[in-house]
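Pasted below: entry_36.txt, compact mmCIF, C-alpha atoms and all ligand atoms.
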# COMPACT_ATOMS: atom_id res chain seq x y z
CA MET C 20 114.82 -16.48 181.81
CA LYS C 21 116.41 -13.21 180.76
CA LYS C 22 117.27 -12.86 177.09
CA ARG C 23 120.21 -11.33 175.28
CA HIS C 24 121.00 -10.60 171.63
CA LEU C 25 123.85 -12.25 169.76
CA GLY C 26 125.61 -9.33 168.14
CA LYS C 27 123.58 -7.80 165.35
CA SER C 28 122.38 -11.18 164.06
CA GLY C 29 118.81 -10.78 165.25
CA LEU C 30 119.18 -14.02 167.24
CA GLU C 31 117.71 -13.63 170.71
CA VAL C 32 118.88 -16.22 173.21
CA SER C 33 118.68 -17.01 176.91
CA ALA C 34 121.26 -14.98 178.85
CA VAL C 35 122.75 -18.29 179.99
CA GLY C 36 123.05 -21.00 177.35
CA LEU C 37 123.87 -24.69 177.54
CA GLY C 38 127.14 -26.28 176.49
CA CYS C 39 126.42 -29.87 175.51
CA MET C 40 129.96 -31.19 174.98
CA SER C 41 130.18 -33.12 178.23
CA MET C 42 127.03 -35.09 177.34
CA SER C 43 129.35 -37.15 175.11
CA PRO C 44 131.85 -39.45 176.79
CA ASP C 45 134.78 -37.83 175.11
CA TYR C 46 136.21 -35.15 177.33
CA TYR C 47 134.96 -35.08 180.89
CA GLY C 48 134.37 -38.82 181.31
CA ALA C 49 131.09 -40.68 180.94
CA ALA C 50 127.67 -39.01 181.30
CA ASP C 51 124.30 -40.59 182.00
CA GLU C 52 122.60 -40.34 178.61
CA ALA C 53 119.05 -40.51 179.97
CA GLU C 54 119.78 -37.67 182.39
CA SER C 55 121.42 -35.68 179.58
CA ILE C 56 118.22 -35.94 177.54
CA ARG C 57 116.13 -34.98 180.56
CA THR C 58 118.47 -32.01 181.04
CA LEU C 59 117.93 -30.89 177.44
CA HIS C 60 114.14 -31.01 177.88
CA TYR C 61 114.36 -29.28 181.24
CA ALA C 62 116.52 -26.54 179.71
CA LEU C 63 113.73 -25.68 177.28
CA ASP C 64 111.12 -25.95 180.03
CA ILE C 65 112.86 -23.16 181.97
CA GLY C 66 113.83 -21.12 178.89
CA VAL C 67 117.50 -22.07 178.41
CA ASN C 68 117.20 -22.20 174.64
CA PHE C 69 120.73 -21.52 173.36
CA TRP C 70 122.41 -24.88 172.81
CA ASP C 71 125.98 -25.42 171.82
CA THR C 72 127.39 -28.54 170.18
CA ALA C 73 130.01 -29.41 167.52
CA ASN C 74 130.56 -32.06 164.90
CA VAL C 75 133.64 -33.29 166.76
CA TYR C 76 132.03 -33.84 170.17
CA GLY C 77 131.89 -37.58 170.61
CA GLY C 78 132.66 -37.96 166.88
CA GLY C 79 129.06 -37.04 165.96
CA HIS C 80 127.51 -38.59 169.09
CA ASN C 81 126.70 -35.18 170.60
CA GLU C 82 124.75 -33.89 167.62
CA LYS C 83 122.85 -37.18 167.42
CA LEU C 84 122.02 -37.01 171.11
CA LEU C 85 120.52 -33.54 170.64
CA SER C 86 118.44 -34.83 167.73
CA ASN C 87 116.37 -36.84 170.23
CA VAL C 88 114.97 -33.60 171.60
CA LEU C 89 115.17 -31.47 168.46
CA ARG C 90 112.86 -33.97 166.78
CA GLU C 91 110.04 -32.72 168.99
CA ARG C 92 111.15 -29.22 169.98
CA ARG C 93 113.26 -27.74 167.16
CA ASN C 94 111.38 -24.44 167.17
CA GLU C 95 112.22 -23.75 170.80
CA VAL C 96 115.99 -23.98 170.30
CA VAL C 97 118.59 -21.53 169.01
CA LEU C 98 120.99 -24.18 167.78
CA ALA C 99 124.73 -23.66 167.40
CA THR C 100 127.21 -26.19 166.06
CA LYS C 101 130.73 -26.07 164.64
CA PHE C 102 133.09 -27.56 162.08
CA GLY C 103 136.88 -27.54 161.99
CA PHE C 104 138.39 -30.19 164.23
CA VAL C 105 139.11 -33.45 162.45
CA ARG C 106 140.07 -36.79 163.87
CA THR C 107 142.64 -38.63 161.83
CA ALA C 108 142.99 -42.42 161.69
CA GLU C 109 145.68 -42.15 164.38
CA GLY C 110 143.21 -40.39 166.63
CA LEU C 111 145.04 -37.08 166.40
CA ILE C 112 143.16 -33.87 166.00
CA GLY C 113 143.74 -31.75 162.93
CA ILE C 114 142.00 -28.64 161.61
CA ASN C 115 140.14 -28.41 158.32
CA ALA C 116 138.27 -25.25 157.32
CA LYS C 117 138.56 -25.64 153.55
CA PRO C 118 135.50 -24.53 151.57
CA ASP C 119 134.47 -27.87 150.06
CA TYR C 120 135.06 -29.78 153.27
CA LEU C 121 133.12 -27.40 155.49
CA LYS C 122 130.13 -27.41 153.16
CA GLU C 123 130.03 -31.21 153.23
CA GLU C 124 130.49 -31.17 156.98
CA CYS C 125 127.53 -28.81 157.35
CA ASP C 126 125.35 -31.33 155.51
CA ARG C 127 126.57 -34.09 157.81
CA SER C 128 125.78 -31.97 160.89
CA LEU C 129 122.29 -31.20 159.57
CA GLN C 130 121.74 -34.90 159.08
CA ARG C 131 123.01 -35.91 162.53
CA LEU C 132 120.97 -33.16 164.19
CA GLY C 133 117.92 -34.06 162.11
CA VAL C 134 117.20 -30.41 161.27
CA ASP C 135 116.91 -28.37 158.09
CA HIS C 136 118.94 -25.43 159.34
CA ILE C 137 121.52 -24.43 161.96
CA ASP C 138 120.98 -21.09 163.68
CA LEU C 139 124.65 -20.32 164.34
CA TYR C 140 127.47 -22.12 162.54
CA TYR C 141 130.96 -21.67 163.92
CA MET C 142 134.42 -22.26 162.57
CA HIS C 143 135.84 -24.13 165.57
CA ARG C 144 139.48 -23.16 164.98
CA LEU C 145 141.33 -21.29 162.22
CA ASP C 146 142.85 -23.49 159.52
CA THR C 147 146.12 -21.70 158.86
CA SER C 148 146.42 -23.35 155.43
CA VAL C 149 143.33 -21.48 154.14
CA PRO C 150 142.83 -17.69 154.01
CA ILE C 151 139.99 -16.82 156.38
CA GLU C 152 138.25 -15.02 153.50
CA GLU C 153 137.84 -18.35 151.70
CA THR C 154 136.50 -20.11 154.76
CA VAL C 155 134.00 -17.36 155.56
CA GLY C 156 133.09 -17.06 151.89
CA ALA C 157 132.04 -20.72 151.93
CA MET C 158 130.21 -20.25 155.23
CA ALA C 159 128.35 -17.30 153.66
CA GLU C 160 127.21 -19.61 150.84
CA LEU C 161 125.62 -21.80 153.50
CA VAL C 162 123.66 -18.77 154.71
CA GLN C 163 122.55 -18.02 151.16
CA ALA C 164 121.48 -21.66 150.75
CA GLY C 165 119.32 -21.39 153.88
CA LYS C 166 121.23 -24.09 155.72
CA VAL C 167 122.66 -21.66 158.27
CA ARG C 168 121.19 -18.48 159.77
CA ALA C 169 124.27 -16.75 161.20
CA LEU C 170 128.03 -17.22 161.36
CA GLY C 171 130.44 -17.50 164.27
CA LEU C 172 134.15 -17.98 164.87
CA SER C 173 135.86 -19.65 167.80
CA GLU C 174 139.18 -18.73 169.43
CA VAL C 175 140.17 -16.32 166.65
CA SER C 176 142.41 -13.28 166.93
CA ALA C 177 141.11 -9.74 166.51
CA ALA C 178 142.88 -9.50 163.13
CA THR C 179 141.20 -12.67 161.83
CA LEU C 180 137.83 -11.43 163.06
CA ARG C 181 138.24 -8.19 161.14
CA ARG C 182 139.16 -10.01 157.92
CA ALA C 183 136.24 -12.39 158.35
CA TYR C 184 133.80 -9.60 159.08
CA ALA C 185 134.80 -7.84 155.86
CA VAL C 186 133.46 -10.89 153.95
CA HIS C 187 130.25 -11.52 155.91
CA PRO C 188 128.80 -10.27 159.23
CA ILE C 189 129.84 -12.41 162.18
CA ALA C 190 127.19 -12.89 164.86
CA ALA C 191 129.42 -14.11 167.65
CA VAL C 192 132.91 -15.10 168.72
CA GLN C 193 133.05 -18.10 171.02
CA SER C 194 136.19 -18.29 173.13
CA GLU C 195 137.12 -19.50 176.56
CA TYR C 196 136.33 -16.68 178.97
CA SER C 197 135.81 -16.67 182.69
CA LEU C 198 137.16 -14.96 185.77
CA TRP C 199 140.33 -17.05 185.42
CA SER C 200 140.69 -17.07 181.58
CA ARG C 201 140.85 -13.49 180.42
CA ASP C 202 143.25 -13.29 177.47
CA ILE C 203 140.51 -12.09 175.08
CA GLU C 204 140.10 -8.90 177.11
CA VAL C 205 143.19 -7.42 175.46
CA GLU C 206 142.11 -7.34 171.81
CA VAL C 207 139.26 -9.69 170.95
CA ILE C 208 136.56 -8.23 173.19
CA PRO C 209 137.27 -4.60 172.18
CA THR C 210 137.19 -5.62 168.51
CA CYS C 211 133.91 -7.49 168.96
CA ARG C 212 132.45 -4.39 170.56
CA GLU C 213 133.68 -2.15 167.79
CA LEU C 214 132.15 -4.42 165.13
CA GLY C 215 128.98 -5.33 167.06
CA VAL C 216 129.86 -9.01 167.39
CA GLY C 217 128.45 -10.97 170.34
CA LEU C 218 130.58 -12.98 172.76
CA VAL C 219 129.88 -16.55 173.77
CA PRO C 220 132.20 -17.50 176.64
CA TYR C 221 132.80 -21.24 176.89
CA SER C 222 134.08 -22.96 180.04
CA PRO C 223 132.72 -20.06 182.14
CA LEU C 224 132.96 -22.37 185.15
CA GLY C 225 136.62 -23.13 184.48
CA ARG C 226 135.68 -26.63 183.25
CA GLY C 227 134.01 -27.26 186.59
CA PHE C 228 136.88 -26.14 188.82
CA LEU C 229 135.25 -22.82 189.76
CA THR C 230 132.16 -24.63 191.09
CA GLY C 231 134.11 -25.99 194.08
CA GLN C 232 132.93 -29.50 193.26
CA ILE C 233 136.37 -30.64 192.12
CA LYS C 234 138.46 -31.31 195.19
CA SER C 235 141.32 -33.55 194.15
CA PRO C 236 143.12 -34.58 190.95
CA ASP C 237 141.82 -38.06 191.82
CA ASP C 238 138.23 -36.89 191.19
CA PHE C 239 138.73 -37.53 187.47
CA ALA C 240 138.30 -40.70 185.44
CA PRO C 241 141.53 -41.82 183.77
CA ASP C 242 140.29 -40.65 180.37
CA ASP C 243 139.13 -37.20 181.56
CA PHE C 244 140.94 -34.67 179.41
CA ARG C 245 141.10 -32.12 182.24
CA LYS C 246 143.80 -34.22 183.92
CA GLY C 247 146.16 -32.98 181.20
CA LEU C 248 145.41 -29.28 181.67
CA PRO C 249 148.05 -27.22 183.51
CA ARG C 250 145.56 -25.79 186.03
CA PHE C 251 144.47 -29.27 187.08
CA GLN C 252 147.95 -30.58 187.85
CA GLY C 253 150.33 -30.70 190.79
CA GLU C 254 151.01 -27.49 192.64
CA ASN C 255 148.73 -25.48 190.34
CA PHE C 256 145.81 -27.65 191.40
CA GLN C 257 146.38 -26.86 195.07
CA LEU C 258 146.84 -23.13 194.45
CA ASN C 259 143.68 -23.03 192.36
CA LEU C 260 141.82 -24.90 195.06
CA ASP C 261 142.77 -22.12 197.49
CA LEU C 262 141.36 -19.60 194.98
CA VAL C 263 138.09 -21.53 194.78
CA ARG C 264 137.82 -21.64 198.58
CA GLU C 265 137.96 -17.82 198.57
CA LEU C 266 135.32 -17.69 195.89
CA GLU C 267 133.16 -20.03 197.96
CA SER C 268 133.38 -17.85 201.04
CA LEU C 269 132.36 -14.78 199.01
CA ALA C 270 129.47 -16.81 197.57
CA GLN C 271 128.42 -17.78 201.08
CA GLU C 272 128.18 -14.12 202.07
CA ARG C 273 125.63 -13.65 199.29
CA GLY C 274 123.86 -16.94 199.98
CA VAL C 275 124.67 -18.26 196.51
CA LYS C 276 127.02 -20.88 195.05
CA ALA C 277 130.54 -20.32 193.76
CA SER C 278 129.39 -21.49 190.32
CA GLN C 279 126.75 -18.77 190.33
CA LEU C 280 129.29 -16.10 191.25
CA ALA C 281 131.49 -17.25 188.37
CA LEU C 282 128.60 -16.99 185.89
CA ALA C 283 127.33 -13.70 187.28
CA TRP C 284 130.86 -12.32 186.91
CA VAL C 285 130.85 -13.19 183.19
CA LEU C 286 127.36 -11.76 182.67
CA ALA C 287 128.43 -8.55 184.42
CA GLN C 288 131.22 -7.95 181.90
CA GLY C 289 128.68 -6.73 179.35
CA GLU C 290 125.24 -7.22 177.82
CA ASP C 291 127.01 -8.77 174.84
CA MET C 292 128.11 -11.83 176.88
CA VAL C 293 126.17 -15.09 176.63
CA PRO C 294 128.06 -17.76 178.59
CA ILE C 295 127.37 -21.41 177.83
CA PRO C 296 128.14 -23.43 180.97
CA GLY C 297 128.25 -27.14 180.25
CA THR C 298 126.23 -29.53 182.32
CA THR C 299 124.73 -32.99 182.08
CA LYS C 300 122.40 -32.59 185.06
CA ARG C 301 119.10 -30.80 185.66
CA ALA C 302 120.01 -29.60 189.16
CA ASN C 303 123.20 -27.92 187.95
CA LEU C 304 121.41 -26.45 184.95
CA LYS C 305 118.89 -24.83 187.28
CA ASP C 306 121.66 -23.31 189.43
CA ASN C 307 123.33 -21.98 186.30
CA ALA C 308 120.13 -20.51 184.90
CA ASP C 309 119.39 -18.79 188.23
CA ALA C 310 122.74 -16.98 187.99
CA ALA C 311 121.19 -14.78 185.28
CA ASP C 312 119.27 -13.03 188.07
CA LEU C 313 122.29 -12.45 190.29
CA ASN C 314 123.58 -8.87 190.20
CA LEU C 315 127.02 -8.25 191.65
CA SER C 316 128.07 -4.93 193.16
CA ALA C 317 131.21 -3.08 192.02
CA ASP C 318 132.81 -4.12 195.30
CA GLU C 319 131.97 -7.79 194.77
CA LEU C 320 133.30 -7.68 191.21
CA ALA C 321 136.53 -6.11 192.47
CA ARG C 322 136.88 -8.81 195.12
CA ILE C 323 136.38 -11.53 192.50
CA ASN C 324 138.99 -9.88 190.28
CA ALA C 325 141.45 -9.91 193.17
CA ILE C 326 140.76 -13.60 193.84
CA ALA C 327 141.16 -14.40 190.13
CA GLU C 328 144.65 -12.90 190.09
CA LYS C 329 145.80 -15.93 192.05
CA THR C 330 145.11 -18.30 189.13
CA ALA C 331 147.96 -20.76 188.63
CA GLY C 332 148.74 -22.26 185.22
CA MET C 333 147.76 -21.74 181.59
CA ARG C 334 144.21 -22.52 180.44
CA TYR C 335 145.46 -25.11 177.93
CA GLY C 336 148.67 -27.05 177.49
CA GLU C 337 151.25 -25.75 175.03
CA PHE C 338 149.99 -27.79 172.06
CA ALA C 339 146.34 -26.72 172.29
CA MET C 340 147.33 -23.08 172.93
CA LYS C 341 148.87 -23.05 169.43
CA PHE C 342 145.36 -23.25 167.95
CA THR C 343 144.05 -20.21 169.83
CA ASN C 344 144.19 -16.50 169.03
CA LEU C 345 145.09 -17.20 165.38
P1 LIG C 401 132.72 -26.51 179.48
O1 LIG C 401 132.31 -25.26 178.77
O2 LIG C 401 134.04 -26.99 178.98
O3 LIG C 401 131.67 -27.55 179.52
P2 LIG C 401 132.31 -25.31 182.13
O4 LIG C 401 130.99 -24.87 181.65
O5 LIG C 401 133.25 -24.30 182.65
O6 LIG C 401 133.08 -26.08 180.98
O7 LIG C 401 132.18 -26.45 183.23
C1 LIG C 401 131.55 -27.67 182.97
C2 LIG C 401 131.73 -28.59 184.13
O8 LIG C 401 131.13 -28.02 185.29
C3 LIG C 401 131.08 -29.94 183.96
O9 LIG C 401 131.97 -30.91 184.43
C4 LIG C 401 129.81 -29.87 184.79
O10 LIG C 401 129.53 -31.13 185.36
P3 LIG C 401 128.02 -31.75 185.40
O11 LIG C 401 127.74 -32.28 184.05
O12 LIG C 401 128.15 -32.79 186.45
O13 LIG C 401 127.12 -30.61 185.79
C5 LIG C 401 130.19 -28.90 185.86
N1 LIG C 401 129.05 -28.06 186.29
C6 LIG C 401 128.25 -27.31 185.50
N2 LIG C 401 127.37 -26.62 186.23
C7 LIG C 401 127.60 -26.93 187.52
C8 LIG C 401 127.04 -26.53 188.75
N3 LIG C 401 126.05 -25.65 188.79
N4 LIG C 401 127.54 -27.08 189.89
C9 LIG C 401 128.55 -27.96 189.85
N5 LIG C 401 129.14 -28.38 188.73
C10 LIG C 401 128.68 -27.87 187.56
When written as structure tokens, how does the structure in this file appear?
Amino acid sequence: MKKRHLGKSGLEVSAVGLGCMSMSPDYYGAADEAESIRTLHYALDIGVNFWDTANVYGGGHNEKLLSNVLRERRNEVVLATKFGFVRTAEGLIGINAKPDYLKEECDRSLQRLGVDHIDLYYMHRLDTSVPIEETVGAMAELVQAGKVRALGLSEVSAATLRRAYAVHPIAAVQSEYSLWSRDIEVEVIPTCRELGVGLVPYSPLGRGFLTGQIKSPDDFAPDDFRKGLPRFQGENFQLNLDLVRELESLAQERGVKASQLALAWVLAQGEDMVPIPGTTKRANLKDNADAADLNLSADELARINAIAEKTAGMRYGEFAMKFTNL
């Protein structure tokens, strides 16, 4: 497995990481827990060592699931988790990045994960009620205390990144980025490059859509959160399906899968990119890992860009978009 560096943090990780969110039954429907654990072991067996979780995934379930493997193989993993999203009694999601809260939350994550330190600790979303300097100041205290090795921010604006970086070096920004979600190209990516901050694209497979395995809005369980996303609804769904068919025929020409083209496209955007495709299955993990060895020509990249222009719909609904690029 090829390796890449996360910014200037000194953390070296597999060029393709592993998003663990969908191993909890919260977002993309139920997953087979035994297969998820086998997938985690298999990831390490083939060198996919950069794991991504968050306190909010499954309300702590996700971090606890990972602890089953970390117990035996902590040293093999570059472990990233996050704080920031909060579930209220009503089940709504709020944001809390206040200093005291995040320090307590870090302790709770350490406990659930069963580890003595986190390699990369992210603020999941900006809390607009707290100056970013205060949030990052508290995160820096966690580094000084040895609980956290490096700091990250998710879905922040370039301006917030600059303010944060002035307080403490930031190893990586994690934001949605893929051939069909490219808003960070305008300001965030150039600012990361100027500062030497790594990029961790999440949903590099368009939440599964770009793999070609999603064929109808009926493919989802009633509680699957993707049903509510603009790209997965009505006319947009059909238009995006046409886009994926084009991606699949390009993939066929190369003898690879559409999912692998999507990942290779992200990896080709720069050595600073470490996508974290999410999967709950060993077979898919293997396909994703193999994409690290797929080099695309300038012509192929241009053809993918042209296909991507046909994307229909926003990446999130209006409410969730309000928490991005802050
Ligand atoms: P996220 O970052 O939100 O997890 P993503 O990485 O863009 O989103 O896509 C994840 C989705 O793609 C999951 O539903 C995953 O399903 P499995 O758990 O069944 O694998 C699916 N997926 C991931 N890799 C895949 C692959 N190689 N082929 C087909 N589907 C894949």
message = 6 Å from ligand LIG 401 (chain C) is the threshold here; counting all atoms listed in the file, which polymer residues fall inside it? Answer as a list in words.
response = Gly38, Ser41, Tyr221, Ser222, Pro223, Leu224, Gly225, Arg226, Gly227, Thr230, Gln232, Ser278, Pro296, Gly297, Thr298, Thr299, Lys300, Asn303, Asp306 and Asn307 of chain C
ask   = Any idea what's packed within 9 Å of region 201-216 of chain C, counting all atoms listed in the file, ignoring anything in its chain fewer than 6 positions away? Could you give it as JSON, numbers by chain?
value = {"C": [25, 26, 27, 28, 174, 175, 176, 177, 178, 180, 181, 184, 188, 189, 190, 191, 192, 194, 195, 291, 344]}
message = Just the number, please: distance in Å from CA of Asp71 (chain C) to CA of His136 (chain C), one decimal.
response = 14.3 Å
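Atom pair CA of Ser235 (chain C) / CA of Glu337 (chain C) has a distance of 22.9 Å (rounded to one decimal).
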inquiry  = Rounded to one decimal, what separation in Å do you get between CA of Leu121 (chain C) and CA of Ala99 (chain C)?
reply    =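 Taking CA of Leu121 (chain C) and CA of Ala99 (chain C), their separation equals 15.0 Å.
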ask   = Of the candidates C:Leu161, C:Gln130, C:Gly231, C:Gly247, which shows the shortest atom-to-atom distance to Arg264 (chain C), using all atoms listed in the file?
value =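 Looking at the shortest contact to Arg264 (chain C), the residue is C:Gly231.
With only C-alpha atoms as the atoms that count, the minimum distance from Lys101 (chain C) to the choices C:Ser43, C:Ser33, C:Thr154, C:Ser128 is reached by C:Ser128.
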message = Using all atoms listed in the file for the distances, tell me which of C:Tyr61, C:Arg322, C:Asn115, C:Arg93 is nearest to Val75 (chain C).
response =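 Nearest candidate to Val75 (chain C) out of C:Tyr61, C:Arg322, C:Asn115, C:Arg93: C:Asn115.
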Exercise: region 30-32 of chain C partners within 9 Å, only C-alpha atoms, chain neighbours under 5 positions left out, as a list in words =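 Returned residues: Lys21, Lys22, Arg23, His24, Leu25, Val67, Asn68, Phe69, Val96, Val97, Asp138, Leu139, Arg168, Ala169, Ala190 and Val293 of chain C.
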request  = Counting only C-alpha atoms, figure out which residue out of C:Leu198, C:Gly217, C:Asp238, C:Gly79 gets nearest to Gly289 (chain C).
outcome  =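 Result for the nearest residue to Gly289 (chain C): C:Gly217.
The closest residue to Phe342 (chain C), picked from C:Val186, C:Ala73, C:Ala240, C:Ile112 and counting only C-alpha atoms, is C:Ile112.
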C:Leu282, C:Leu345, C:Ala287, C:Leu304 ranked by distance to Ala62 (chain C), top pick (using only C-alpha atoms) =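 Of C:Leu282, C:Leu345, C:Ala287, C:Leu304, the one nearest Ala62 (chain C) is C:Leu304, counting only C-alpha atoms.
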Find the residues around Tyr120 (chain C) up to 12 Å (only C-alpha atoms counted), leave out those fewer than 2 positions away in its own chain, and share them as a compact mmCIF listing (two decimals) with C-alpha atoms, in the coordinates of the input.
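Result written to selection.txt:
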# COMPACT_ATOMS: atom_id res chain seq x y z
CA PHE C 102 133.09 -27.56 162.08
CA GLY C 103 136.88 -27.54 161.99
CA PHE C 104 138.39 -30.19 164.23
CA VAL C 105 139.11 -33.45 162.45
CA ILE C 114 142.00 -28.64 161.61
CA ASN C 115 140.14 -28.41 158.32
CA ALA C 116 138.27 -25.25 157.32
CA LYS C 117 138.56 -25.64 153.55
CA PRO C 118 135.50 -24.53 151.57
CA LYS C 122 130.13 -27.41 153.16
CA GLU C 123 130.03 -31.21 153.23
CA GLU C 124 130.49 -31.17 156.98
CA CYS C 125 127.53 -28.81 157.35
CA ASP C 126 125.35 -31.33 155.51
CA ARG C 127 126.57 -34.09 157.81
CA MET C 142 134.42 -22.26 162.57
CA ASP C 146 142.85 -23.49 159.52
CA VAL C 149 143.33 -21.48 154.14
CA GLU C 153 137.84 -18.35 151.70
CA THR C 154 136.50 -20.11 154.76
CA ALA C 157 132.04 -20.72 151.93
CA MET C 158 130.21 -20.25 155.23
